[in-house]
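File shown: final39.txt. Contents: compact mmCIF, N, CA and C atoms and all ligand atoms.
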```
# COMPACT_ATOMS: atom_id res chain seq x y z
N MET H 1 33.18 -9.66 -19.95
CA MET H 1 33.80 -8.68 -19.05
C MET H 1 34.31 -7.48 -19.84
N ASP H 2 34.33 -6.34 -19.19
CA ASP H 2 34.77 -5.09 -19.79
C ASP H 2 36.16 -5.24 -20.47
N LYS H 3 36.22 -4.79 -21.72
CA LYS H 3 37.47 -4.95 -22.50
C LYS H 3 38.65 -4.23 -21.84
N ALA H 4 38.40 -3.08 -21.21
CA ALA H 4 39.49 -2.32 -20.57
C ALA H 4 40.10 -3.12 -19.42
N ILE H 5 39.27 -3.83 -18.68
CA ILE H 5 39.77 -4.64 -17.56
C ILE H 5 40.61 -5.80 -18.09
N LEU H 6 40.09 -6.45 -19.15
CA LEU H 6 40.83 -7.58 -19.75
C LEU H 6 42.18 -7.10 -20.27
N ASP H 7 42.18 -5.94 -20.89
CA ASP H 7 43.41 -5.39 -21.47
C ASP H 7 44.42 -5.01 -20.37
N THR H 8 43.91 -4.40 -19.31
CA THR H 8 44.79 -4.04 -18.18
C THR H 8 45.42 -5.30 -17.59
N PHE H 9 44.60 -6.34 -17.43
CA PHE H 9 45.13 -7.60 -16.89
C PHE H 9 46.17 -8.20 -17.84
N ASP H 10 45.83 -8.27 -19.11
CA ASP H 10 46.70 -8.89 -20.12
C ASP H 10 48.09 -8.22 -20.12
N LYS H 11 48.10 -6.90 -20.11
CA LYS H 11 49.37 -6.16 -20.16
C LYS H 11 50.17 -6.36 -18.87
N SER H 12 49.46 -6.39 -17.74
CA SER H 12 50.18 -6.60 -16.47
C SER H 12 50.73 -8.03 -16.41
N LEU H 13 49.95 -8.98 -16.89
CA LEU H 13 50.43 -10.38 -16.92
C LEU H 13 51.70 -10.48 -17.75
N GLU H 14 51.71 -9.78 -18.86
CA GLU H 14 52.88 -9.76 -19.74
C GLU H 14 54.11 -9.18 -19.01
N ARG H 15 53.90 -8.07 -18.33
CA ARG H 15 55.01 -7.45 -17.58
C ARG H 15 55.50 -8.38 -16.48
N CYS H 16 54.56 -9.04 -15.80
CA CYS H 16 54.94 -9.93 -14.69
C CYS H 16 55.70 -11.15 -15.19
N THR H 17 55.17 -11.80 -16.23
CA THR H 17 55.81 -13.05 -16.68
C THR H 17 57.14 -12.78 -17.39
N SER H 18 57.39 -11.51 -17.77
CA SER H 18 58.69 -11.21 -18.38
C SER H 18 59.78 -11.12 -17.29
N ARG H 19 59.38 -11.13 -16.05
CA ARG H 19 60.35 -11.11 -14.93
C ARG H 19 60.56 -12.54 -14.45
N SER H 20 61.81 -12.96 -14.44
CA SER H 20 62.08 -14.37 -14.17
C SER H 20 61.65 -14.79 -12.77
N GLN H 21 61.57 -13.83 -11.83
CA GLN H 21 61.27 -14.24 -10.45
C GLN H 21 59.77 -14.35 -10.17
N PHE H 22 58.93 -13.97 -11.13
CA PHE H 22 57.48 -13.86 -10.86
C PHE H 22 56.89 -15.15 -10.25
N LEU H 23 57.07 -16.28 -10.94
CA LEU H 23 56.41 -17.51 -10.46
C LEU H 23 57.09 -18.06 -9.21
N ASP H 24 58.42 -17.90 -9.11
CA ASP H 24 59.12 -18.34 -7.89
C ASP H 24 58.61 -17.56 -6.68
N LEU H 25 58.48 -16.24 -6.88
CA LEU H 25 58.04 -15.39 -5.78
C LEU H 25 56.62 -15.76 -5.36
N PHE H 26 55.77 -16.02 -6.35
CA PHE H 26 54.40 -16.43 -6.03
C PHE H 26 54.41 -17.69 -5.16
N TYR H 27 55.14 -18.72 -5.59
CA TYR H 27 55.11 -19.97 -4.81
C TYR H 27 55.79 -19.81 -3.45
N THR H 28 56.82 -18.96 -3.36
CA THR H 28 57.43 -18.70 -2.05
C THR H 28 56.37 -18.12 -1.09
N LYS H 29 55.62 -17.14 -1.59
CA LYS H 29 54.60 -16.50 -0.75
C LYS H 29 53.46 -17.47 -0.43
N PHE H 30 53.02 -18.20 -1.48
CA PHE H 30 51.87 -19.09 -1.29
C PHE H 30 52.21 -20.20 -0.28
N LEU H 31 53.39 -20.79 -0.40
CA LEU H 31 53.78 -21.87 0.53
C LEU H 31 53.94 -21.33 1.95
N ALA H 32 54.39 -20.07 2.06
CA ALA H 32 54.56 -19.47 3.40
C ALA H 32 53.22 -19.08 4.03
N SER H 33 52.15 -19.05 3.23
CA SER H 33 50.88 -18.50 3.71
C SER H 33 50.16 -19.42 4.68
N SER H 34 50.39 -20.74 4.59
CA SER H 34 49.67 -21.68 5.46
C SER H 34 50.32 -23.06 5.44
N PRO H 35 50.38 -23.75 6.59
CA PRO H 35 50.88 -25.13 6.60
C PRO H 35 50.02 -26.05 5.73
N LYS H 36 48.73 -25.71 5.60
CA LYS H 36 47.83 -26.54 4.76
C LYS H 36 48.27 -26.48 3.31
N VAL H 37 48.71 -25.31 2.87
CA VAL H 37 49.18 -25.15 1.49
C VAL H 37 50.47 -25.96 1.31
N ARG H 38 51.39 -25.83 2.28
CA ARG H 38 52.67 -26.57 2.17
C ARG H 38 52.42 -28.07 2.10
N GLU H 39 51.49 -28.56 2.89
CA GLU H 39 51.17 -30.00 2.91
C GLU H 39 50.69 -30.47 1.52
N LYS H 40 49.87 -29.67 0.88
CA LYS H 40 49.33 -30.05 -0.45
C LYS H 40 50.44 -30.16 -1.49
N PHE H 41 51.49 -29.35 -1.35
CA PHE H 41 52.55 -29.31 -2.37
C PHE H 41 53.79 -30.12 -1.96
N LYS H 42 53.64 -31.04 -1.01
CA LYS H 42 54.86 -31.67 -0.46
C LYS H 42 55.62 -32.52 -1.48
N ASP H 43 54.94 -33.05 -2.51
CA ASP H 43 55.63 -33.91 -3.49
C ASP H 43 55.72 -33.25 -4.87
N THR H 44 55.59 -31.95 -4.94
CA THR H 44 55.45 -31.27 -6.24
C THR H 44 56.78 -30.97 -6.94
N ASP H 45 56.78 -31.19 -8.24
CA ASP H 45 57.88 -30.76 -9.12
C ASP H 45 57.56 -29.32 -9.53
N PHE H 46 58.25 -28.35 -8.94
CA PHE H 46 57.87 -26.95 -9.15
C PHE H 46 58.25 -26.41 -10.53
N SER H 47 59.17 -27.05 -11.23
CA SER H 47 59.45 -26.58 -12.60
C SER H 47 58.20 -26.79 -13.45
N ARG H 48 57.62 -27.98 -13.34
CA ARG H 48 56.40 -28.27 -14.09
C ARG H 48 55.24 -27.42 -13.57
N GLN H 49 55.14 -27.32 -12.26
CA GLN H 49 54.03 -26.58 -11.65
C GLN H 49 54.01 -25.12 -12.12
N LYS H 50 55.18 -24.52 -12.24
CA LYS H 50 55.24 -23.12 -12.67
C LYS H 50 54.77 -22.98 -14.12
N ARG H 51 55.14 -23.95 -14.96
CA ARG H 51 54.64 -23.90 -16.35
C ARG H 51 53.13 -24.03 -16.38
N ALA H 52 52.61 -24.97 -15.55
CA ALA H 52 51.16 -25.21 -15.54
C ALA H 52 50.41 -23.97 -15.05
N LEU H 53 50.94 -23.32 -14.01
CA LEU H 53 50.25 -22.14 -13.48
C LEU H 53 50.24 -21.02 -14.51
N LYS H 54 51.40 -20.82 -15.17
CA LYS H 54 51.49 -19.75 -16.17
C LYS H 54 50.43 -19.97 -17.27
N ALA H 55 50.33 -21.21 -17.74
CA ALA H 55 49.34 -21.53 -18.77
C ALA H 55 47.93 -21.26 -18.25
N SER H 56 47.67 -21.62 -16.99
CA SER H 56 46.30 -21.47 -16.49
C SER H 56 45.92 -20.00 -16.31
N LEU H 57 46.90 -19.12 -16.05
CA LEU H 57 46.57 -17.69 -15.95
C LEU H 57 46.05 -17.19 -17.30
N HIS H 58 46.65 -17.68 -18.37
CA HIS H 58 46.17 -17.32 -19.71
C HIS H 58 44.78 -17.92 -19.98
N MET H 59 44.56 -19.14 -19.50
CA MET H 59 43.24 -19.78 -19.71
C MET H 59 42.15 -19.03 -18.95
N ILE H 60 42.48 -18.55 -17.75
CA ILE H 60 41.48 -17.79 -16.99
C ILE H 60 41.14 -16.49 -17.73
N LEU H 61 42.15 -15.88 -18.35
CA LEU H 61 41.87 -14.67 -19.14
C LEU H 61 40.88 -14.98 -20.26
N LEU H 62 41.07 -16.10 -20.95
CA LEU H 62 40.13 -16.48 -22.02
C LEU H 62 38.73 -16.71 -21.45
N ALA H 63 38.67 -17.42 -20.31
CA ALA H 63 37.36 -17.69 -19.68
C ALA H 63 36.68 -16.38 -19.27
N ALA H 64 37.48 -15.39 -18.83
CA ALA H 64 36.93 -14.13 -18.33
C ALA H 64 36.41 -13.22 -19.46
N GLU H 65 36.81 -13.52 -20.69
CA GLU H 65 36.29 -12.70 -21.80
C GLU H 65 34.77 -12.78 -21.84
N GLU H 66 34.25 -14.00 -21.64
CA GLU H 66 32.80 -14.19 -21.65
C GLU H 66 32.43 -15.14 -20.51
N PRO H 67 32.48 -14.64 -19.27
CA PRO H 67 32.27 -15.54 -18.13
C PRO H 67 30.87 -16.16 -18.09
N GLU H 68 29.92 -15.55 -18.83
CA GLU H 68 28.57 -16.10 -18.85
C GLU H 68 28.50 -17.39 -19.68
N LYS H 69 29.49 -17.56 -20.59
CA LYS H 69 29.61 -18.85 -21.27
C LYS H 69 30.35 -19.78 -20.33
N ASP H 70 30.33 -21.06 -20.55
CA ASP H 70 30.88 -22.03 -19.60
C ASP H 70 32.41 -21.91 -19.47
N PRO H 71 32.94 -21.46 -18.29
CA PRO H 71 34.40 -21.39 -18.12
C PRO H 71 35.06 -22.77 -18.25
N GLY H 72 34.23 -23.81 -18.17
CA GLY H 72 34.74 -25.18 -18.31
C GLY H 72 35.38 -25.42 -19.67
N ARG H 73 35.05 -24.57 -20.64
CA ARG H 73 35.70 -24.69 -21.96
C ARG H 73 37.21 -24.59 -21.80
N TYR H 74 37.66 -23.82 -20.82
CA TYR H 74 39.11 -23.63 -20.60
C TYR H 74 39.61 -24.25 -19.31
N LEU H 75 38.70 -24.46 -18.36
CA LEU H 75 39.17 -24.79 -17.00
C LEU H 75 38.64 -26.11 -16.45
N ALA H 76 37.99 -26.91 -17.29
CA ALA H 76 37.36 -28.14 -16.78
C ALA H 76 38.38 -29.08 -16.12
N GLU H 77 39.51 -29.30 -16.79
CA GLU H 77 40.49 -30.26 -16.24
C GLU H 77 41.13 -29.74 -14.95
N VAL H 78 41.44 -28.44 -14.94
CA VAL H 78 42.04 -27.85 -13.73
C VAL H 78 41.04 -27.97 -12.57
N ALA H 79 39.75 -27.73 -12.86
CA ALA H 79 38.73 -27.82 -11.81
C ALA H 79 38.62 -29.26 -11.30
N GLU H 80 38.63 -30.20 -12.20
CA GLU H 80 38.51 -31.60 -11.78
C GLU H 80 39.69 -31.99 -10.88
N ARG H 81 40.88 -31.55 -11.27
CA ARG H 81 42.09 -31.86 -10.49
C ARG H 81 42.03 -31.28 -9.08
N HIS H 82 41.43 -30.09 -8.93
CA HIS H 82 41.39 -29.44 -7.62
C HIS H 82 40.20 -29.88 -6.76
N GLY H 83 39.31 -30.66 -7.33
CA GLY H 83 38.07 -31.03 -6.65
C GLY H 83 38.26 -32.03 -5.51
N ALA H 84 37.13 -32.28 -4.84
CA ALA H 84 37.13 -33.14 -3.64
C ALA H 84 37.65 -34.54 -3.92
N ARG H 85 37.43 -35.01 -5.13
CA ARG H 85 37.84 -36.39 -5.43
C ARG H 85 39.30 -36.53 -5.83
N ASP H 86 39.99 -35.38 -6.01
CA ASP H 86 41.40 -35.47 -6.40
C ASP H 86 42.25 -34.70 -5.36
N LEU H 87 42.70 -33.47 -5.68
CA LEU H 87 43.58 -32.76 -4.74
C LEU H 87 42.85 -32.27 -3.49
N ASP H 88 41.53 -32.17 -3.58
CA ASP H 88 40.70 -31.75 -2.45
C ASP H 88 41.11 -30.37 -1.91
N ILE H 89 41.03 -29.38 -2.79
CA ILE H 89 41.39 -28.00 -2.42
C ILE H 89 40.13 -27.27 -1.97
N GLY H 90 39.99 -27.07 -0.66
CA GLY H 90 38.81 -26.41 -0.11
C GLY H 90 38.81 -24.91 -0.38
N ALA H 91 37.60 -24.33 -0.32
CA ALA H 91 37.41 -22.91 -0.68
C ALA H 91 38.33 -21.98 0.13
N GLU H 92 38.60 -22.34 1.40
CA GLU H 92 39.38 -21.44 2.27
C GLU H 92 40.81 -21.25 1.75
N LEU H 93 41.32 -22.21 0.97
CA LEU H 93 42.71 -22.10 0.48
C LEU H 93 42.84 -21.11 -0.68
N TYR H 94 41.72 -20.80 -1.33
CA TYR H 94 41.79 -19.85 -2.45
C TYR H 94 42.06 -18.41 -1.98
N ASP H 95 41.72 -18.10 -0.73
CA ASP H 95 42.05 -16.76 -0.20
C ASP H 95 43.58 -16.60 -0.14
N PHE H 96 44.26 -17.65 0.33
CA PHE H 96 45.73 -17.60 0.40
C PHE H 96 46.32 -17.44 -1.01
N TRP H 97 45.71 -18.18 -1.95
CA TRP H 97 46.19 -18.16 -3.34
C TRP H 97 46.09 -16.75 -3.92
N LEU H 98 44.90 -16.13 -3.78
CA LEU H 98 44.70 -14.80 -4.38
C LEU H 98 45.55 -13.74 -3.67
N ASP H 99 45.62 -13.79 -2.36
CA ASP H 99 46.44 -12.80 -1.63
C ASP H 99 47.91 -12.92 -2.03
N SER H 100 48.41 -14.14 -2.15
CA SER H 100 49.82 -14.35 -2.53
C SER H 100 50.06 -13.82 -3.94
N LEU H 101 49.10 -14.06 -4.82
CA LEU H 101 49.25 -13.61 -6.20
C LEU H 101 49.24 -12.08 -6.29
N LEU H 102 48.31 -11.45 -5.59
CA LEU H 102 48.21 -9.98 -5.66
C LEU H 102 49.47 -9.33 -5.08
N GLU H 103 49.98 -9.89 -3.99
CA GLU H 103 51.24 -9.36 -3.42
C GLU H 103 52.39 -9.50 -4.42
N THR H 104 52.42 -10.64 -5.11
CA THR H 104 53.48 -10.90 -6.08
C THR H 104 53.39 -9.93 -7.25
N VAL H 105 52.18 -9.70 -7.74
CA VAL H 105 51.98 -8.76 -8.85
C VAL H 105 52.43 -7.36 -8.42
N GLU H 106 52.07 -6.98 -7.21
CA GLU H 106 52.46 -5.65 -6.72
C GLU H 106 53.98 -5.49 -6.74
N GLU H 107 54.69 -6.56 -6.40
CA GLU H 107 56.16 -6.47 -6.36
C GLU H 107 56.80 -6.58 -7.74
N CYS H 108 56.14 -7.28 -8.66
CA CYS H 108 56.77 -7.55 -9.97
C CYS H 108 56.37 -6.60 -11.08
N ASP H 109 55.17 -6.00 -10.97
CA ASP H 109 54.71 -5.13 -12.06
C ASP H 109 55.11 -3.68 -11.78
N PRO H 110 56.04 -3.13 -12.55
CA PRO H 110 56.47 -1.76 -12.30
C PRO H 110 55.35 -0.74 -12.52
N GLU H 111 54.29 -1.15 -13.23
CA GLU H 111 53.16 -0.23 -13.47
C GLU H 111 51.97 -0.56 -12.57
N PHE H 112 52.23 -1.24 -11.46
CA PHE H 112 51.14 -1.62 -10.55
C PHE H 112 50.39 -0.39 -10.05
N SER H 113 49.05 -0.52 -9.96
CA SER H 113 48.20 0.60 -9.52
C SER H 113 46.90 -0.02 -8.98
N PRO H 114 46.04 0.78 -8.36
CA PRO H 114 44.75 0.22 -7.91
C PRO H 114 43.96 -0.40 -9.06
N GLU H 115 44.07 0.17 -10.27
CA GLU H 115 43.33 -0.39 -11.43
C GLU H 115 43.89 -1.76 -11.81
N VAL H 116 45.23 -1.87 -11.76
CA VAL H 116 45.86 -3.15 -12.09
C VAL H 116 45.41 -4.21 -11.08
N ARG H 117 45.42 -3.84 -9.81
CA ARG H 117 45.00 -4.78 -8.77
C ARG H 117 43.55 -5.24 -9.00
N LYS H 118 42.69 -4.28 -9.33
CA LYS H 118 41.27 -4.59 -9.55
C LYS H 118 41.12 -5.54 -10.75
N ALA H 119 41.92 -5.31 -11.80
CA ALA H 119 41.84 -6.16 -12.98
C ALA H 119 42.24 -7.60 -12.63
N TRP H 120 43.32 -7.76 -11.87
CA TRP H 120 43.74 -9.11 -11.46
C TRP H 120 42.65 -9.77 -10.61
N GLU H 121 42.09 -9.00 -9.67
CA GLU H 121 41.05 -9.58 -8.80
C GLU H 121 39.85 -10.03 -9.63
N GLU H 122 39.39 -9.18 -10.53
CA GLU H 122 38.18 -9.51 -11.29
C GLU H 122 38.39 -10.69 -12.20
N VAL H 123 39.54 -10.70 -12.90
CA VAL H 123 39.80 -11.81 -13.83
C VAL H 123 40.03 -13.11 -13.04
N MET H 124 40.83 -13.07 -11.99
CA MET H 124 41.12 -14.29 -11.23
C MET H 124 39.87 -14.85 -10.56
N MET H 125 38.94 -13.96 -10.15
CA MET H 125 37.73 -14.46 -9.49
C MET H 125 36.87 -15.32 -10.42
N VAL H 126 36.98 -15.11 -11.72
CA VAL H 126 36.24 -15.97 -12.66
C VAL H 126 36.76 -17.41 -12.50
N GLY H 127 38.09 -17.56 -12.45
CA GLY H 127 38.68 -18.90 -12.29
C GLY H 127 38.43 -19.48 -10.91
N ILE H 128 38.64 -18.67 -9.89
CA ILE H 128 38.46 -19.15 -8.51
C ILE H 128 37.01 -19.59 -8.29
N HIS H 129 36.09 -18.75 -8.73
CA HIS H 129 34.68 -19.07 -8.55
C HIS H 129 34.33 -20.39 -9.25
N TYR H 130 34.85 -20.55 -10.45
CA TYR H 130 34.54 -21.78 -11.19
C TYR H 130 35.11 -23.01 -10.48
N LEU H 131 36.36 -22.93 -10.02
CA LEU H 131 36.98 -24.08 -9.34
C LEU H 131 36.22 -24.43 -8.05
N ILE H 132 35.77 -23.40 -7.33
CA ILE H 132 35.04 -23.65 -6.07
C ILE H 132 33.66 -24.26 -6.36
N VAL H 133 32.99 -23.73 -7.38
CA VAL H 133 31.66 -24.26 -7.73
C VAL H 133 31.76 -25.73 -8.17
N ARG H 134 32.85 -26.08 -8.82
CA ARG H 134 33.01 -27.45 -9.32
C ARG H 134 33.61 -28.40 -8.29
N TYR H 135 33.88 -27.91 -7.07
CA TYR H 135 34.58 -28.71 -6.05
C TYR H 135 33.96 -30.09 -5.84
N ASN H 136 32.65 -30.15 -5.80
CA ASN H 136 31.99 -31.44 -5.53
C ASN H 136 31.54 -32.18 -6.78
N ALA H 137 31.94 -31.69 -7.93
CA ALA H 137 31.43 -32.29 -9.19
C ALA H 137 32.02 -33.67 -9.42
C1 LIG Q 201 42.35 -20.30 -9.45
C2 LIG Q 201 43.33 -20.79 -8.68
C3 LIG Q 201 44.25 -21.90 -9.12
C4 LIG Q 201 44.72 -22.20 -10.37
C5 LIG Q 201 44.46 -21.45 -11.66
C6 LIG Q 201 45.54 -23.37 -10.25
C7 LIG Q 201 46.20 -23.99 -11.29
C8 LIG Q 201 46.81 -25.23 -11.21
C9 LIG Q 201 47.28 -25.99 -12.35
C10 LIG Q 201 47.18 -25.56 -13.80
C11 LIG Q 201 47.78 -27.14 -11.86
C12 LIG Q 201 48.39 -28.29 -12.67
C13 LIG Q 201 47.34 -29.33 -12.97
C14 LIG Q 201 47.93 -30.50 -13.74
O1 LIG Q 201 48.89 -31.11 -13.26
O2 LIG Q 201 47.43 -30.78 -14.80
C15 LIG Q 201 47.64 -27.11 -10.43
C16 LIG Q 201 48.04 -28.12 -9.59
C17 LIG Q 201 47.97 -28.03 -8.22
N1 LIG Q 201 47.39 -27.04 -7.48
FE1 LIG Q 201 46.47 -25.44 -8.20
N2 LIG Q 201 45.57 -23.76 -8.94
C18 LIG Q 201 44.79 -22.89 -8.22
C19 LIG Q 201 44.56 -22.92 -6.87
C20 LIG Q 201 45.15 -23.80 -6.00
C21 LIG Q 201 45.01 -23.72 -4.57
C22 LIG Q 201 44.19 -22.69 -3.77
C23 LIG Q 201 45.74 -24.74 -4.05
C24 LIG Q 201 45.86 -25.02 -2.58
C25 LIG Q 201 46.91 -25.58 -1.97
C26 LIG Q 201 46.31 -25.47 -5.17
C27 LIG Q 201 47.11 -26.60 -5.09
C28 LIG Q 201 47.54 -27.34 -6.16
C29 LIG Q 201 48.27 -28.60 -6.02
C30 LIG Q 201 48.64 -29.31 -4.71
C31 LIG Q 201 48.54 -29.04 -7.32
C32 LIG Q 201 49.24 -30.35 -7.75
C33 LIG Q 201 50.72 -30.18 -7.70
C34 LIG Q 201 51.40 -31.48 -8.09
O3 LIG Q 201 51.16 -31.97 -9.21
O4 LIG Q 201 52.16 -31.98 -7.25
N3 LIG Q 201 45.94 -24.87 -6.33
N4 LIG Q 201 47.04 -25.94 -10.06
```

Could you quickly redo this structure as structure tokens?
Ligand code: HEM
Amino acid sequence: MDKAILDTFDKSLERCTSRSQFLDLFYTKFLASSPKVREKFKDTDFSRQKRALKASLHMILLAAEEPEKDPGRYLAEVAERHGARDLDIGAELYDFWLDSLLETVEECDPEFSPEVRKAWEEVMMVGIHYLIVRYNA
């Protein structure tokens, strides 16, 4: 992927994660987005979940550097966990995930712009696409 896009994403991620409310705001929005999402997270320890999500955003960035190589190098376990045989996260739930994330970035990144939004969309789609493709694996 284009280095400028990766760099724009990386810097925005840094600005977002330096704000303490970033991950809380994301999960507040994501849980509010659909009863199906709330049902999936009914027994979740959100302190751990926030750490896991933060780590996976960095892993998606690594996968997006060379998406033509196997993103499973960074995302295989996350994909297996979200697949039909485990958490069973269907493709329709990823729209709620991405919309909630983009809204959160818009509110948390003081340098938010159309370019920043595009960088988040492009980088996150590498991860989302991989998780959806691996759903039945
Ligand atoms: C690309 C998008 C996503 C990423 C990067 C992501 C990342 C993660 C990570 C890293 C974990 C922790 C896995 C572990 O415990 O080892 C997790 C767990 C989980 N994710 Fe996702 N996720 C994504 C999309 C979704 C979506 C769309 C849903 C839909 C509801 C979802 C629901 C869950 C649930 C229910 C858990 C388990 C929580 C628990 O342990 O109680 N995720 N996710």

Practice prompt. Select, from H:Phe46, H:Phe112, H:Phe9, H:Tyr135, the residue with the minimum atom-to-atom distance to H:His82, counting only N, CA and C atoms.
Written response: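 Ranking H:Phe46, H:Phe112, H:Phe9, H:Tyr135 by distance to H:His82, first place goes to H:Tyr135.
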
Could you list, as a compact mmCIF listing (two decimals) with N, CA and C atoms, in the frame of the given file, all protein and nucleic acid residues with an atom at most 5 Å from ligand LIG 201 (chain Q), counting only N, CA and C atoms and all ligand atoms?
```
# COMPACT_ATOMS: atom_id res chain seq x y z
N VAL H 37 48.71 -25.31 2.87
CA VAL H 37 49.18 -25.15 1.49
C VAL H 37 50.47 -25.96 1.31
N LYS H 40 49.87 -29.67 0.88
CA LYS H 40 49.33 -30.05 -0.45
C LYS H 40 50.44 -30.16 -1.49
N PHE H 41 51.49 -29.35 -1.35
CA PHE H 41 52.55 -29.31 -2.37
C PHE H 41 53.79 -30.12 -1.96
N ASP H 43 54.94 -33.05 -2.51
CA ASP H 43 55.63 -33.91 -3.49
C ASP H 43 55.72 -33.25 -4.87
N THR H 44 55.59 -31.95 -4.94
CA THR H 44 55.45 -31.27 -6.24
C THR H 44 56.78 -30.97 -6.94
N ASP H 45 56.78 -31.19 -8.24
CA ASP H 45 57.88 -30.76 -9.12
C ASP H 45 57.56 -29.32 -9.53
N ALA H 52 52.61 -24.97 -15.55
CA ALA H 52 51.16 -25.21 -15.54
C ALA H 52 50.41 -23.97 -15.05
N LEU H 53 50.94 -23.32 -14.01
CA LEU H 53 50.25 -22.14 -13.48
C LEU H 53 50.24 -21.02 -14.51
N SER H 56 47.67 -21.62 -16.99
CA SER H 56 46.30 -21.47 -16.49
C SER H 56 45.92 -20.00 -16.31
N LEU H 93 41.32 -22.21 0.97
CA LEU H 93 42.71 -22.10 0.48
C LEU H 93 42.84 -21.11 -0.68
N TYR H 94 41.72 -20.80 -1.33
CA TYR H 94 41.79 -19.85 -2.45
C TYR H 94 42.06 -18.41 -1.98
N TRP H 97 45.71 -18.18 -1.95
CA TRP H 97 46.19 -18.16 -3.34
C TRP H 97 46.09 -16.75 -3.92
N GLY H 127 38.09 -17.56 -12.45
CA GLY H 127 38.68 -18.90 -12.29
C GLY H 127 38.43 -19.48 -10.91
N ILE H 128 38.64 -18.67 -9.89
CA ILE H 128 38.46 -19.15 -8.51
C ILE H 128 37.01 -19.59 -8.29
```

Worksheet item: What gap, in Å, lies between atom CA of H:Cys16 and atom N of H:Thr104?
Response: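 Pair atom CA of H:Cys16 / atom N of H:Thr104 returns 9.9 Å.
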
Worksheet item: Which is closer to H:Glu66 than all the others in H:Lys3, H:Arg51, H:His129, H:Arg85, using only C-alpha atoms?
Response: H:Lys3

Discussion item. What's around H:Pro110 at 10 Å? Count only C-alpha atoms, leave out sequence neighbours fewer than 2 positions away in its own chain, and write the answer as a VMD selection string.
Written reply: chain H and resid 12 15 to 16 105 to 108 112 to 113

Dump as a compact mmCIF listing (two decimals), in the frame of the given file, selection limited to N, CA and C atoms:
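part-v7.txt written:
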```txt
# COMPACT_ATOMS: atom_id res chain seq x y z
N SER H 12 49.46 -6.39 -17.74
CA SER H 12 50.18 -6.60 -16.47
C SER H 12 50.73 -8.03 -16.41
N ARG H 15 53.90 -8.07 -18.33
CA ARG H 15 55.01 -7.45 -17.58
C ARG H 15 55.50 -8.38 -16.48
N CYS H 16 54.56 -9.04 -15.80
CA CYS H 16 54.94 -9.93 -14.69
C CYS H 16 55.70 -11.15 -15.19
N VAL H 105 52.18 -9.70 -7.74
CA VAL H 105 51.98 -8.76 -8.85
C VAL H 105 52.43 -7.36 -8.42
N GLU H 106 52.07 -6.98 -7.21
CA GLU H 106 52.46 -5.65 -6.72
C GLU H 106 53.98 -5.49 -6.74
N GLU H 107 54.69 -6.56 -6.40
CA GLU H 107 56.16 -6.47 -6.36
C GLU H 107 56.80 -6.58 -7.74
N CYS H 108 56.14 -7.28 -8.66
CA CYS H 108 56.77 -7.55 -9.97
C CYS H 108 56.37 -6.60 -11.08
N PHE H 112 52.23 -1.24 -11.46
CA PHE H 112 51.14 -1.62 -10.55
C PHE H 112 50.39 -0.39 -10.05
N SER H 113 49.05 -0.52 -9.96
CA SER H 113 48.20 0.60 -9.52
C SER H 113 46.90 -0.02 -8.98
```

Practice prompt. Would you work out the distance separating atom C of H:Thr8 from atom CA of H:Lys118, expressed in Å to one decimal?
Written response: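 Computing the Euclidean distance for atom C of H:Thr8 and atom CA of H:Lys118 yields 9.1 Å.
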
Practice prompt. Rounded to one decimal place, report the atom CA of H:Ala137-atom CA of H:Glu80 distance in Å.
Written response: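 Answer for the atom CA of H:Ala137 to atom CA of H:Glu80 separation: 7.6 Å.
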
Worksheet entry | Sel. of helix (DSSP H, G or I) residues, chain H, as a ChimeraX atom specification | /H:3-17,22-33,35-40,46-65,72-82,92-108,114-133

Discussion item. So that I can check the surroundings of H:Leu61, please list as a PyMOL selection string every protein, DNA and RNA residue that reaches within 9 Å of it, counting only C-alpha atoms and ignoring chain neighbours fewer than 6 positions away.
Written reply: chain H and resi 6+9-10+123-124+126-127

Worksheet item: Which residue gives the smallest distance to H:Pro71 among H:Tyr130, H:Glu92, H:Asn136, H:Ala4, with only N, CA and C atoms counted?
Response: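 Of H:Tyr130, H:Glu92, H:Asn136, H:Ala4, the one nearest H:Pro71 is H:Tyr130, counting only N, CA and C atoms.
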
Quick one: axis-aligned box around all listed atoms of stretch 8-27 of chain H, 8 Å on every side, centre and edge lengths in Å to one decimal, written as AutoDock Vina command-line options.
```
--center_x 53.0 --center_y -12.0 --center_z -11.8 --size_x 34.2 --size_y 31.9 --size_z 32.7
```

Practice prompt. Point out the residue among H:Leu57, H:Leu101, H:Ala91, H:Met1 with the least atom-to-atom distance to H:Arg117, counting only C-alpha atoms.
Written response: H:Leu101

Worksheet, complete the sentence: For H:Asp109, the closest of H:Ile5, H:Ala64, H:Leu13, H:Leu131 counting all atoms listed in the file is H:Leu13

Fill in: Residue contacts of H:Tyr74 (8 Å, all atoms listed in the file) excluding same-chain residues fewer than 2 positions away, as a list in words
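Non-adjacent residues within range: Ser56, Met59, Ile60, Leu62, Ala63, Asp70, Pro71, Gly72, Ala76, Glu77, Val78 and Ala79 of chain H.
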